[in-house]
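What's in run-v7.cif: mmCIF, C-alpha atoms (C1' of nucleotides)
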```
data_my_file
loop_
_atom_site.label_atom_id
_atom_site.label_comp_id
_atom_site.auth_asym_id
_atom_site.auth_seq_id
_atom_site.Cartn_x
_atom_site.Cartn_y
_atom_site.Cartn_z
CA MET A 204 -0.07 4.54 9.49
CA LYS A 205 -1.73 7.57 7.90
CA SER A 206 -5.18 8.42 6.60
CA THR A 207 -3.93 8.18 3.02
CA ASN A 208 -3.36 4.76 1.49
CA LEU A 209 -0.29 5.88 -0.38
CA TYR A 210 2.09 4.73 2.33
CA LYS A 211 1.02 1.13 1.83
CA GLY A 212 4.04 -0.75 0.62
CA SER A 213 6.49 1.95 1.70
CA LEU A 214 7.40 0.65 5.13
CA THR A 215 10.18 -1.68 3.99
CA THR A 216 11.82 1.13 2.05
CA ILE A 217 11.66 3.42 5.07
CA ILE A 218 13.13 0.85 7.46
CA LEU A 219 15.96 -0.10 5.13
CA LYS A 220 16.90 3.50 4.41
CA LEU A 221 16.96 4.48 8.09
CA LEU A 222 19.13 1.48 8.93
CA ASN A 223 21.38 2.28 6.02
CA GLU A 224 21.91 5.69 7.49
CA ASN A 225 22.10 4.86 11.18
CA ASP A 226 24.00 1.59 11.26
CA LYS A 227 21.84 0.03 13.97
CA MET A 228 18.44 0.89 15.40
CA TYR A 229 15.77 -0.70 17.56
CA GLY A 230 12.08 -0.76 16.78
CA TYR A 231 10.87 1.95 19.08
CA GLU A 232 13.71 4.17 17.90
CA ILE A 233 12.54 3.76 14.30
CA THR A 234 9.01 4.88 15.17
CA GLN A 235 10.36 7.97 16.93
CA LYS A 236 12.79 8.81 14.16
CA VAL A 237 10.06 8.63 11.52
CA LYS A 238 7.80 10.80 13.63
CA GLU A 239 10.59 13.35 14.03
CA ILE A 240 11.67 13.46 10.39
CA THR A 241 8.11 13.71 9.09
CA LYS A 242 7.03 16.24 11.73
CA GLY A 243 4.34 13.82 12.84
CA GLU A 244 2.95 13.39 9.33
CA LEU A 245 3.71 9.68 9.46
CA ASN A 246 3.37 7.50 12.54
CA ILE A 247 4.43 3.92 12.12
CA THR A 248 2.33 1.61 14.25
CA GLU A 249 3.86 -1.23 16.19
CA GLY A 250 1.45 -3.68 14.57
CA ALA A 251 2.99 -2.83 11.22
CA LEU A 252 6.59 -2.33 12.29
CA TYR A 253 7.41 -5.43 14.30
CA PRO A 254 6.04 -7.99 11.84
CA SER A 255 7.86 -6.13 9.09
CA LEU A 256 11.16 -6.25 10.99
CA HIS A 257 10.69 -9.97 11.64
CA LYS A 258 10.07 -10.56 7.97
CA LEU A 259 13.14 -8.63 6.88
CA GLU A 260 15.19 -10.60 9.37
CA ALA A 261 13.76 -13.90 8.09
CA GLU A 262 14.65 -12.85 4.54
CA GLY A 263 18.23 -12.27 5.61
CA LEU A 264 18.18 -8.51 5.10
CA LEU A 265 18.62 -7.69 8.78
CA ASP A 266 20.68 -9.03 11.65
CA VAL A 267 19.60 -8.84 15.27
CA GLU A 268 21.52 -7.97 18.39
CA PHE A 269 20.08 -7.67 21.88
CA ALA A 270 20.97 -5.05 24.43
CA LYS A 271 19.90 -4.33 27.99
CA VAL A 272 19.52 -0.61 28.71
CA ASN A 273 18.10 0.75 31.96
CA ASN A 274 16.81 -2.69 32.80
CA ARG A 275 14.80 -2.77 29.56
CA THR A 276 15.50 -4.96 26.57
CA ARG A 277 16.25 -3.46 23.20
CA LYS A 278 16.43 -5.42 19.98
CA TYR A 279 18.86 -3.76 17.66
CA TYR A 280 18.64 -4.35 13.93
CA LYS A 281 21.30 -3.74 11.36
CA LEU A 282 21.57 -4.31 7.64
CA THR A 283 23.27 -7.42 6.32
CA GLU A 284 25.24 -7.27 3.11
CA LEU A 285 22.12 -8.46 1.31
CA GLY A 286 20.11 -5.83 3.14
CA THR A 287 22.45 -3.11 1.92
CA GLN A 288 22.00 -4.30 -1.65
CA GLU A 289 18.25 -4.41 -1.27
CA THR A 290 18.26 -0.87 0.11
CA VAL A 291 19.76 0.35 -3.15
CA ASN A 292 17.05 -1.47 -5.08
CA LYS A 293 14.25 -0.14 -2.92
CA LEU A 294 15.47 3.43 -3.24
CA ALA A 295 15.67 3.07 -7.02
CA GLU A 296 12.15 1.66 -7.04
CA LEU A 297 10.94 4.65 -5.05
CA GLU A 298 12.47 7.06 -7.54
CA ASP A 299 10.88 5.10 -10.39
CA TYR A 300 7.55 5.15 -8.61
CA ILE A 301 7.71 8.91 -8.11
CA ARG A 302 8.70 9.52 -11.73
CA THR A 303 5.92 7.27 -13.00
CA MET A 304 3.27 8.78 -10.76
CA ARG A 305 4.32 12.27 -11.78
CA ALA A 306 3.96 11.26 -15.42
CA LEU A 307 0.48 9.97 -14.68
CA VAL A 308 -0.81 12.95 -12.74
CA ASN A 309 1.10 15.73 -14.44
CA PRO A 310 0.87 15.81 -18.24
CA LYS A 311 3.90 18.12 -18.25
CA PHE A 312 6.03 15.21 -17.18
CA ARG A 313 4.88 12.93 -19.98
CA LEU A 314 7.69 12.26 -22.37
CA GLN A 315 10.78 10.25 -23.43
CA MET B 26 0.41 -4.42 -10.90
CA LYS B 27 4.19 -4.12 -10.72
CA SER B 28 6.97 -5.95 -8.93
CA THR B 29 7.33 -3.10 -6.48
CA ASN B 30 4.76 -2.72 -3.70
CA LEU B 31 4.83 1.05 -3.84
CA TYR B 32 1.87 1.28 -6.22
CA LYS B 33 -0.38 -0.32 -3.62
CA GLY B 34 -2.82 2.39 -2.63
CA SER B 35 -2.21 4.52 -5.72
CA LEU B 36 -4.87 3.13 -8.01
CA THR B 37 -7.68 5.44 -6.91
CA THR B 38 -5.49 8.49 -7.45
CA ILE B 39 -4.57 7.29 -10.93
CA ILE B 40 -8.16 6.59 -11.96
CA LEU B 41 -9.46 9.90 -10.65
CA LYS B 42 -6.72 11.89 -12.31
CA LEU B 43 -7.19 10.23 -15.70
CA LEU B 44 -10.93 10.83 -15.56
CA ASN B 45 -10.33 14.40 -14.51
CA GLU B 46 -8.29 14.86 -17.63
CA ASN B 47 -10.30 12.84 -20.14
CA ASP B 48 -13.89 13.55 -19.16
CA LYS B 49 -15.06 9.99 -19.68
CA MET B 50 -13.27 6.67 -20.03
CA TYR B 51 -14.07 2.98 -19.92
CA GLY B 52 -12.14 0.37 -17.97
CA TYR B 53 -10.12 -1.18 -20.73
CA GLU B 54 -9.25 2.28 -21.99
CA ILE B 55 -7.83 3.16 -18.58
CA THR B 56 -5.57 0.11 -18.56
CA GLN B 57 -4.25 1.00 -22.03
CA LYS B 58 -3.78 4.67 -21.20
CA VAL B 59 -1.76 3.83 -18.09
CA LYS B 60 0.36 1.38 -20.06
CA GLU B 61 1.00 4.03 -22.70
CA ILE B 62 1.82 6.89 -20.33
CA THR B 63 4.13 4.78 -18.18
CA LYS B 64 5.80 3.10 -21.16
CA GLY B 65 4.73 -0.26 -19.81
CA GLU B 66 6.20 0.39 -16.37
CA LEU B 67 2.77 0.03 -14.79
CA ASN B 68 0.11 -2.42 -15.89
CA ILE B 69 -3.17 -2.20 -14.07
CA THR B 70 -4.79 -5.59 -13.72
CA GLU B 71 -8.49 -6.09 -14.30
CA GLY B 72 -8.83 -7.74 -10.92
CA ALA B 73 -7.73 -4.49 -9.31
CA LEU B 74 -9.35 -2.05 -11.71
CA TYR B 75 -12.96 -3.20 -11.93
CA PRO B 76 -13.59 -3.61 -8.21
CA SER B 77 -11.98 -0.21 -7.70
CA LEU B 78 -14.26 1.42 -10.29
CA HIS B 79 -17.29 -0.20 -8.68
CA LYS B 80 -16.26 1.11 -5.30
CA LEU B 81 -15.73 4.64 -6.56
CA GLU B 82 -19.14 4.52 -8.19
CA ALA B 83 -20.73 3.24 -4.98
CA GLU B 84 -19.10 6.11 -3.10
CA GLY B 85 -20.63 8.59 -5.51
CA LEU B 86 -17.36 9.72 -7.05
CA LEU B 87 -18.14 8.29 -10.48
CA ASP B 88 -21.16 8.12 -12.74
CA VAL B 89 -21.72 5.34 -15.25
CA GLU B 90 -22.97 5.43 -18.80
CA PHE B 91 -23.23 2.44 -21.14
CA ALA B 92 -22.37 2.43 -24.80
CA LYS B 93 -22.48 -0.19 -27.54
CA VAL B 94 -19.51 0.01 -29.90
CA ASN B 95 -18.83 -2.58 -32.60
CA ASN B 96 -21.32 -4.87 -30.97
CA ARG B 97 -19.34 -4.78 -27.73
CA THR B 98 -20.45 -3.13 -24.50
CA ARG B 99 -18.45 -0.34 -22.98
CA LYS B 100 -19.06 1.08 -19.53
CA TYR B 101 -18.03 4.71 -19.48
CA TYR B 102 -17.15 6.35 -16.21
CA LYS B 103 -17.03 10.05 -15.49
CA LEU B 104 -16.37 12.12 -12.40
CA THR B 105 -19.24 13.46 -10.36
CA GLU B 106 -18.94 16.83 -8.66
CA LEU B 107 -17.86 14.95 -5.52
CA GLY B 108 -15.38 12.97 -7.60
CA THR B 109 -13.83 16.17 -8.90
CA GLN B 110 -13.39 17.43 -5.35
CA GLU B 111 -11.88 14.13 -4.26
CA THR B 112 -9.44 14.27 -7.17
CA VAL B 113 -8.03 17.50 -5.80
CA ASN B 114 -7.62 15.89 -2.38
CA LYS B 115 -5.94 12.79 -3.77
CA LEU B 116 -3.48 14.81 -5.81
CA ALA B 117 -2.59 16.89 -2.76
CA GLU B 118 -2.10 13.68 -0.77
CA LEU B 119 0.23 12.37 -3.45
CA GLU B 120 2.35 15.50 -3.29
CA ASP B 121 2.46 15.23 0.50
CA TYR B 122 3.43 11.59 0.24
CA ILE B 123 6.25 12.36 -2.17
CA ARG B 124 7.54 15.22 -0.02
CA THR B 125 7.45 13.07 3.11
CA MET B 126 9.14 10.08 1.48
CA ARG B 127 11.85 12.34 0.08
CA ALA B 128 12.47 13.71 3.56
CA LEU B 129 12.78 10.15 4.85
CA VAL B 130 15.13 8.80 2.22
CA ASN B 131 17.08 11.93 1.40
CA PRO B 132 18.60 13.74 4.39
CA LYS B 133 19.07 16.79 2.15
CA PHE B 134 15.32 17.29 2.15
CA ARG B 135 15.01 17.26 5.93
CA LEU B 136 14.03 20.66 7.20
CA GLN B 137 11.36 23.26 8.07
"C1'" DA C 135 1.34 7.17 46.76
"C1'" DT C 136 -0.92 6.17 42.78
"C1'" DT C 137 -2.09 6.86 38.19
"C1'" DT C 138 -0.67 8.14 33.71
"C1'" DT C 139 2.64 8.46 30.15
"C1'" DA C 140 6.74 6.83 27.99
"C1'" DT C 141 9.68 3.14 26.73
"C1'" DG C 142 10.11 -1.54 24.63
"C1'" DC C 143 8.67 -5.81 22.77
"C1'" DA C 144 5.01 -9.00 20.66
"C1'" DT C 145 0.87 -11.09 18.43
"C1'" DA C 146 -4.01 -11.78 16.91
"C1'" DA C 147 -8.30 -10.36 14.53
"C1'" DG C 148 -9.97 -7.95 10.96
"C1'" DA C 149 -9.96 -4.61 6.95
"C1'" DA C 150 -8.27 -2.96 2.63
"C1'" DA C 151 -6.08 -3.39 -1.62
"C1'" DA C 152 -3.87 -5.94 -4.45
"C1'" DT C 153 -2.53 -10.55 -7.38
"C1'" DT C 154 -3.75 -14.52 -9.71
"C1'" DA C 155 -7.02 -17.31 -11.82
"C1'" DT C 156 -11.10 -17.98 -14.07
"C1'" DG C 157 -15.33 -17.05 -16.77
"C1'" DT C 158 -18.16 -14.98 -20.57
"C1'" DA C 159 -18.47 -12.77 -25.11
"C1'" DT C 160 -17.28 -10.55 -29.63
"C1'" DA C 161 -13.78 -8.74 -33.15
"C1'" DT C 162 -9.60 -8.93 -35.38
"C1'" DT C 163 -5.40 -10.82 -36.76
"C1'" DT C 164 -2.38 -14.64 -37.91
"C1'" DA D 182 -8.93 -22.42 -37.37
"C1'" DA D 183 -6.36 -20.66 -33.68
"C1'" DA D 184 -4.51 -16.91 -31.33
"C1'" DT D 185 -4.74 -12.28 -29.88
"C1'" DA D 186 -7.23 -8.11 -28.73
"C1'" DT D 187 -11.16 -5.94 -26.83
"C1'" DA D 188 -14.49 -5.64 -22.88
"C1'" DC D 189 -16.59 -6.80 -18.73
"C1'" DA D 190 -16.84 -9.44 -14.14
"C1'" DT D 191 -15.91 -12.11 -9.86
"C1'" DA D 192 -13.78 -15.47 -6.56
"C1'" DA D 193 -9.84 -17.22 -3.92
"C1'" DT D 194 -5.79 -15.98 -2.04
"C1'" DT D 195 -1.99 -12.98 -0.57
"C1'" DT D 196 0.06 -8.88 1.20
"C1'" DT D 197 0.07 -5.06 4.06
"C1'" DC D 198 -1.85 -2.52 7.10
"C1'" DT D 199 -5.05 -0.94 11.36
"C1'" DT D 200 -6.84 -1.76 15.64
"C1'" DA D 201 -6.79 -4.10 19.82
"C1'" DT D 202 -4.61 -6.48 23.24
"C1'" DG D 203 -0.95 -8.26 26.23
"C1'" DC D 204 3.36 -8.11 29.06
"C1'" DA D 205 6.99 -5.44 31.47
"C1'" DT D 206 9.83 -1.48 33.43
"C1'" DA D 207 10.87 3.66 34.05
"C1'" DA D 208 9.67 8.26 34.50
"C1'" DA D 209 6.47 11.90 35.15
"C1'" DA D 210 2.31 13.82 36.81
"C1'" DT D 211 -1.59 14.21 40.01
#
```
This entry written out as structure tokens:
Amino acid sequence: MKSTNLYKGSLTTIILKLLNENDKMYGYEITQKVKEITKGELNITEGALYPSLHKLEAEGLLDVEFAKVNNRTRKYYKLTELGTQETVNKLAELEDYIRTMRALVNPKFRLQ
Amino acid sequence: MKSTNLYKGSLTTIILKLLNENDKMYGYEITQKVKEITKGELNITEGALYPSLHKLEAEGLLDVEFAKVNNRTRKYYKLTELGTQETVNKLAELEDYIRTMRALVNPKFRLQ
DNA sequence: ATTTTATGCATAAGAAAATTATGTATATTT
DNA sequence: AAATATACATAATTTTCTTATGCATAAAAT
């Protein structure tokens, strides 16, 4: 998605959080929303997004619902109960990750 | 290294920063240092570490120096001038990543 | 009127970065 | 004597992503 490798492994967290906030979204909408929020800093590619959505659905974290808008098909995704739980976990993991990385790169944050 | 996928792509940043701080280190030392700083939260595996060190060396970011200690061989790595420059870049990328992810998962941080 | 861009989905080939497993060797601890 | 710690390395596999390609309709631009 971006020149830096740091976003590797972050896509699931991003998808879950956006769905947690917006109730239901379709793939293309997610790419646009991410572009908007990050001011273009992060562009999710379709080759990464769609397989990821399919996987989350297969794992039971997302439900699908089809809609026809302007003669074009949209595939809406929404969180399942399990998906909502997993969102909480993923967000906690992100905070842990940030805290740990800060401890590693900034000696000031080394403690406990 | 950890159950969460978020650390994927972070290893180079971690290695460079630790070497930036400690002048020279050997592989095993890096794994122990990371374990210590993160209180066991992050354990770098050898299968990830050694190939990564070799790659950084091949890219000219690290220099190697051998040492024999207690009849065992240590391979000390230190930053080259290029490696020091790249460390600055990687740390800036990490801060960008954290800022962007915060904007994505925390609506409070959405602005500019 | 036609081409390009935007919208909307999907998958396949390949690259990159990791995990897991294995191998070698010496020192120290149990 | 066996297990753990120290120290390096690589190979097979998995995960996640990039890049490329394909299909289809709508809107905008030339």
Same-sequence superposition of chain A onto chain B, all C-alpha, as a short mmCIF file (atom, residue, chain, number, x, y, z; two decimals) with C-alpha atoms, in the coordinates of the input:
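As a result, out-v8.cif now contains:
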```
data_model
loop_
_atom_site.label_atom_id
_atom_site.label_comp_id
_atom_site.auth_asym_id
_atom_site.auth_seq_id
_atom_site.Cartn_x
_atom_site.Cartn_y
_atom_site.Cartn_z
CA MET A 204 0.31 -4.35 -10.82
CA LYS A 205 4.10 -4.13 -10.59
CA SER A 206 6.84 -6.04 -8.81
CA THR A 207 7.29 -3.18 -6.35
CA ASN A 208 4.75 -2.72 -3.57
CA LEU A 209 4.88 1.04 -3.79
CA TYR A 210 1.91 1.25 -6.13
CA LYS A 211 -0.37 -0.21 -3.48
CA GLY A 212 -2.89 2.43 -2.62
CA SER A 213 -2.19 4.50 -5.73
CA LEU A 214 -4.85 3.10 -8.03
CA THR A 215 -7.65 5.41 -6.91
CA THR A 216 -5.45 8.45 -7.45
CA ILE A 217 -4.54 7.26 -10.94
CA ILE A 218 -8.14 6.57 -11.96
CA LEU A 219 -9.43 9.88 -10.66
CA LYS A 220 -6.68 11.89 -12.31
CA LEU A 221 -7.16 10.22 -15.70
CA LEU A 222 -10.91 10.82 -15.55
CA ASN A 223 -10.31 14.38 -14.50
CA GLU A 224 -8.27 14.85 -17.62
CA ASN A 225 -10.29 12.84 -20.11
CA ASP A 226 -13.87 13.56 -19.13
CA LYS A 227 -15.07 9.99 -19.65
CA MET A 228 -13.28 6.68 -20.01
CA TYR A 229 -14.08 2.98 -19.91
CA GLY A 230 -12.15 0.38 -17.98
CA TYR A 231 -10.15 -1.18 -20.75
CA GLU A 232 -9.25 2.29 -22.00
CA ILE A 233 -7.82 3.15 -18.58
CA THR A 234 -5.56 0.09 -18.60
CA GLN A 235 -4.26 1.00 -22.06
CA LYS A 236 -3.76 4.64 -21.21
CA VAL A 237 -1.74 3.78 -18.10
CA LYS A 238 0.37 1.35 -20.08
CA GLU A 239 1.02 4.01 -22.71
CA ILE A 240 1.85 6.85 -20.33
CA THR A 241 4.15 4.71 -18.19
CA LYS A 242 5.82 3.03 -21.19
CA GLY A 243 4.71 -0.32 -19.83
CA GLU A 244 6.20 0.31 -16.39
CA LEU A 245 2.77 -0.03 -14.82
CA ASN A 246 0.10 -2.47 -15.95
CA ILE A 247 -3.18 -2.24 -14.12
CA THR A 248 -4.82 -5.63 -13.82
CA GLU A 249 -8.51 -6.10 -14.38
CA GLY A 250 -8.84 -7.78 -10.99
CA ALA A 251 -7.72 -4.55 -9.38
CA LEU A 252 -9.35 -2.07 -11.74
CA TYR A 253 -12.95 -3.22 -11.96
CA PRO A 254 -13.57 -3.64 -8.23
CA SER A 255 -11.95 -0.25 -7.71
CA LEU A 256 -14.23 1.39 -10.29
CA HIS A 257 -17.27 -0.23 -8.68
CA LYS A 258 -16.22 1.08 -5.30
CA LEU A 259 -15.69 4.61 -6.55
CA GLU A 260 -19.10 4.48 -8.17
CA ALA A 261 -20.70 3.21 -4.95
CA GLU A 262 -19.04 6.07 -3.06
CA GLY A 263 -20.60 8.55 -5.45
CA LEU A 264 -17.33 9.68 -7.01
CA LEU A 265 -18.12 8.28 -10.45
CA ASP A 266 -21.15 8.11 -12.70
CA VAL A 267 -21.73 5.36 -15.22
CA GLU A 268 -22.97 5.47 -18.77
CA PHE A 269 -23.25 2.51 -21.13
CA ALA A 270 -22.39 2.51 -24.79
CA LYS A 271 -22.52 -0.08 -27.56
CA VAL A 272 -19.55 0.12 -29.93
CA ASN A 273 -18.88 -2.43 -32.66
CA ASN A 274 -21.38 -4.75 -31.06
CA ARG A 275 -19.41 -4.68 -27.79
CA THR A 276 -20.51 -3.05 -24.57
CA ARG A 277 -18.48 -0.29 -23.01
CA LYS A 278 -19.07 1.10 -19.55
CA TYR A 279 -18.04 4.70 -19.48
CA TYR A 280 -17.15 6.36 -16.20
CA LYS A 281 -17.01 10.04 -15.46
CA LEU A 282 -16.33 12.10 -12.37
CA THR A 283 -19.21 13.43 -10.32
CA GLU A 284 -18.91 16.77 -8.60
CA LEU A 285 -17.82 14.91 -5.48
CA GLY A 286 -15.36 12.94 -7.57
CA THR A 287 -13.81 16.14 -8.88
CA GLN A 288 -13.36 17.38 -5.33
CA GLU A 289 -11.83 14.11 -4.24
CA THR A 290 -9.42 14.23 -7.17
CA VAL A 291 -8.00 17.47 -5.81
CA ASN A 292 -7.57 15.86 -2.40
CA LYS A 293 -5.92 12.76 -3.79
CA LEU A 294 -3.46 14.77 -5.84
CA ALA A 295 -2.56 16.86 -2.79
CA GLU A 296 -2.07 13.67 -0.80
CA LEU A 297 0.25 12.35 -3.48
CA GLU A 298 2.36 15.49 -3.35
CA ASP A 299 2.47 15.24 0.45
CA TYR A 300 3.45 11.60 0.21
CA ILE A 301 6.28 12.37 -2.20
CA ARG A 302 7.55 15.24 -0.06
CA THR A 303 7.44 13.12 3.08
CA MET A 304 9.14 10.14 1.49
CA ARG A 305 11.85 12.37 0.08
CA ALA A 306 12.44 13.77 3.56
CA LEU A 307 12.74 10.24 4.89
CA VAL A 308 15.12 8.87 2.28
CA ASN A 309 17.08 12.00 1.46
CA PRO A 310 18.55 13.85 4.45
CA LYS A 311 19.04 16.87 2.18
CA PHE A 312 15.30 17.33 2.12
CA ARG A 313 14.93 17.34 5.90
CA LEU A 314 13.89 20.73 7.11
CA GLN A 315 11.18 23.32 7.90
#
```
Quiz item: Within 12 Å of chain A, which residues of chain B show up when using all atoms listed in the file, listed as a PyMOL selection string?
Solution: chain B and resi 27-47+55+58-68+112-137
List every residue of chain B that has an atom at most 7 Å from any atom of chain D, and for each one report the closest atom pair and its distance in Å to one decimal, counting only C-alpha atoms (C1' of nucleotides), with rows sorted by chain and then by increasing residue number, as CSV.
```
residue,atom,partner,partner_atom,distance
B:Tyr53,CA,D:DA188,C1',6.6
B:Arg97,CA,D:DA188,C1',6.9
B:Thr98,CA,D:DA188,C1',6.7
B:Arg99,CA,D:DA188,C1',6.6
```
Output file for the residues above (C-alpha atoms, as a compact mmCIF listing (two decimals), in the coordinates of the input):
```
# COMPACT_ATOMS: atom_id res chain seq x y z
CA TYR B 53 -10.12 -1.18 -20.73
CA ARG B 97 -19.34 -4.78 -27.73
CA THR B 98 -20.45 -3.13 -24.50
CA ARG B 99 -18.45 -0.34 -22.98
```
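For chain C, the residues close to chain B, meaning within 9 Å and counting all atoms listed in the file, are DA151, DA152, DT153, DT154, DA159, DT160 and DA161 of chain C.
Residues matched by the PyMOL selection byres ((chain A and resi 280) around 7) in this file are A:Lys227, A:Met228, A:Tyr229, A:Leu265, A:Asp266, A:Val267, A:Glu268, A:Lys278, A:Tyr279, A:Lys281, A:Leu282.
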Practice problem: Quote the spacing between atom CA of A:Tyr253 and atom C1' of C:DT138 in Å to one decimal place. | Solution: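 Between atom CA of A:Tyr253 and atom C1' of C:DT138 the gap works out to 25.0 Å.
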